[in-house]
Each structure stands twice: as structure tokens, then as C-alpha cells.
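Reviewing the structure listed below.
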Amino acid sequence: MTHENLKDRVAVITGGGGVLCGGFAKVLAELGCKVAVLDLREEAAQVVVDEIKAAGGKAMAVGCNVLEAESLECARQKIRAEFGPCDILINGAGGNNPKGTTTKETYEEGDLENAVEGVKTFFDLDPAGVSFVFNLNILGTLLTTQCFAKDMLGRENTSILNISSMNAFCPLTKIPAYSAAKAGVSNFTQWLAVHFADAGIRVNAIAPGFFATNQNHSLLFNEDGSLTPRSEKIISHTPMRRFGVPEDLSGALAFFCDETYSAFITGVVLPIDGGFSAYSGV
């Protein structure tokens, strides 16, 4: 499965201890890359690295906080010392926070006057929680790019892949902070693509739809394995009638990282959502 163009290139992946980004790490290792798996929880990154090495790939685990420039620079130096300068950067660290999420999908009369314990309305959103979501998704992408793009300047065939979301195209109910932050990631992707075009760095993004992972299993499925009411709405608005699996992202990952296929593509945000963002509901 090795892509000759990608053999021994250094790929840096933040959030690499998670299901989707851990999957990215494994795919790039199979394609021949030397993969640096970065995660706030180094032990989670190490699990992914152990799997890659067991399959004959090259990988290293690095504990790193994408919101701290010093932590990022320390990670960069470790990677350069062991693997060399970064060729491919995957900005995968991101996520939501319950403090930036509402309980109800829409405002109902009386929400403002009649507070109910355990019910969070739009007016109850915590600015600190919203800030956390924006910082993790936007600032985390910006700081990581500032750090690792230094290795890419003046070198051929370097690329950055950001992780947006279909929420960026069509915001979901209940998660205003996450939806807005991912819209920011998409916009920032376009800005970076223009900014770095003369430097030869391509910058694109993928926008996953609904993927079934360990982290969101309890949100998508009941204890008996049946769909939750929210999941039923999701599936009814997904033309392909299923959730995504990590393998559904592999082709797009290889496409964007290997200039054989995408040398003239930059500033693109690709939805991978089973048609969710294309369907009007009618």
C-alpha cells in the first residue's frame, strides 16, 4: 500500500490518540510515512504508535498541548531529532465542551424566566466553555501551524490538512460553539492556503460528518444498541443511511497528502458525510 511519493516523509498528527486521528496515523504509516503521533495524553498516542510498529511502520509518540507554543516547539525539536523536519501536518486536535452546548434544540417560551435544573438554554451558555471550544479548535490549529510550518518553508511537496466538520456547512442544533469554531477552521484553511501558496505549502481540510466512535457511542446509541432519537434524525437526513467509519476517511487523506493526485489543489474543504450536507430534508 506504500505510496512512493510519501515514503519516509514525516507526518505530524495532533489529536493522534483519538479514534479518527489515530486512524490517520495508521494509514499514513501504511503509506510509508514516518509518523509523529501527538496528543495531550501521551499514553493514548503510545497505544497508536505500538499498533503502527507492530504492523512494521515507523512512529513515535509525543505528549503535547496544542494551546501552548512552548509545548509545541518542544515536540517539534523531538520530532526533528528522531525523524527530521515535518512534511505533512494534520491538525486533528479539536472537540466540544458541555459548557458550550444547549440542552434543547430550540428556544421555548418560558425558558428565560423559568429556569429548570439540568436544562441549559442558549442564555445559560458559559463564556468560558465557549472560549475553550474556540481555543481548542481555532487557536490550537493556528499555534500548531505556526510551529510546524517553519519546517515546510522552502521545501517541495509539503502540505497541511485541517479537520473541519460538516457542522461548518450546516450548524447543528445544541452545539453552537463547536459549529461556529469548525466554520472558523474552514475559513482559516482558505486563508492559510492563500498565505502559503507562494511558499509551496498546500493547505486543505476534510469535513467529516457523523462517525461512530468510542467517544460518541453513548450519544448515538441506546444501551440496547438501538438508535437514539437524535441519531434517528441524523440517519433520516443522511442519504447513504449509515454513520461513517474511520476507513471512510482514508482515501481523502491519501489524496490530499500525495501531490501525485492533488498538486494543484489548495484551499478546499471536502465534506465526507454520506450526503448529509447535500440533503435538504425533502
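Ligands are numbered from 1 in the order shown, chains are lettered A, B, ... in the order of the C-alpha cells, and residues start at 1 in each chain.
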Would you tabulate, counting only C-alpha atoms, all residues of range 5-90 of chain A that have an atom at most 9 Å from an atom of range 204-228 of chain A, showing the closest pair of atoms and their distance in Å to one decimal, sorted by chain then ascending number, as JSON lines?
```
{"residue": "A:Gly18", "atom": "CA", "partner": "A:Gln215", "partner_atom": "CA", "distance": 8.7}
{"residue": "A:Val19", "atom": "CA", "partner": "A:Thr213", "partner_atom": "CA", "distance": 6.5}
{"residue": "A:Leu20", "atom": "CA", "partner": "A:Thr213", "partner_atom": "CA", "distance": 8.0}
```
Those residues with all heavy atoms, as a tab-separated table (two decimals), in the first residue's frame please?
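Okay, out-v2.tsv is ready:
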```
chain	number	residue	atom	x	y	z
A	18	GLY	N	-6.77	9.88	19.43
A	18	GLY	CA	-8.20	9.64	19.25
A	18	GLY	C	-8.48	8.63	18.15
A	18	GLY	O	-7.57	8.20	17.43
A	19	VAL	N	-9.75	8.28	18.01
A	19	VAL	CA	-10.14	7.24	17.06
A	19	VAL	C	-9.85	7.66	15.62
A	19	VAL	O	-9.16	6.95	14.87
A	19	VAL	CB	-11.63	6.88	17.21
A	19	VAL	CG1	-12.05	5.92	16.11
A	19	VAL	CG2	-11.89	6.25	18.57
A	20	LEU	N	-10.36	8.82	15.21
A	20	LEU	CA	-10.20	9.23	13.82
A	20	LEU	C	-8.75	9.60	13.50
A	20	LEU	O	-8.20	9.15	12.49
A	20	LEU	CB	-11.13	10.41	13.50
A	20	LEU	CG	-12.63	10.11	13.57
A	20	LEU	CD1	-13.42	11.33	13.10
A	20	LEU	CD2	-13.00	8.90	12.72
```
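Near Ala197 in chain A, within 12 Å and counting only C-alpha atoms, sit Met152, Leu153, Gly154, Glu156, Asn157, Thr158, Ser159, Ile160, Thr189, Gln190, Trp191, Leu192, Ala193, Val194, His195, Ala199, Gly200, Ile201, Arg202, Val203, Asn204, Ala263, Phe264, Ile265, Thr266 and Gly267 of chain A; same-chain residues fewer than 2 positions away were not included.
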Open item on the list: Excluding Phe148 in chain A and its own-chain neighbours fewer than 2 positions away, which residues fall within 10 Å of it when counting only C-alpha atoms? Please give them as a PyMOL selection string.
Closed with: chain A and resi 12+72-73+75-76+85-89+143-146+150-153+160
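With only C-alpha atoms taken into account, the protein and nucleic acid residues at most 9 Å from Ala183 in chain A (excluding it and anything under 2 positions from it in its own chain) are A:Ser164, A:Ser165, A:Met166, A:Asn167, A:Ala168, A:Phe169, A:Pro171, A:Tyr178, A:Ser179, A:Ala180, A:Ala181, A:Val185, A:Ser186, A:Asn187, A:Phe188.
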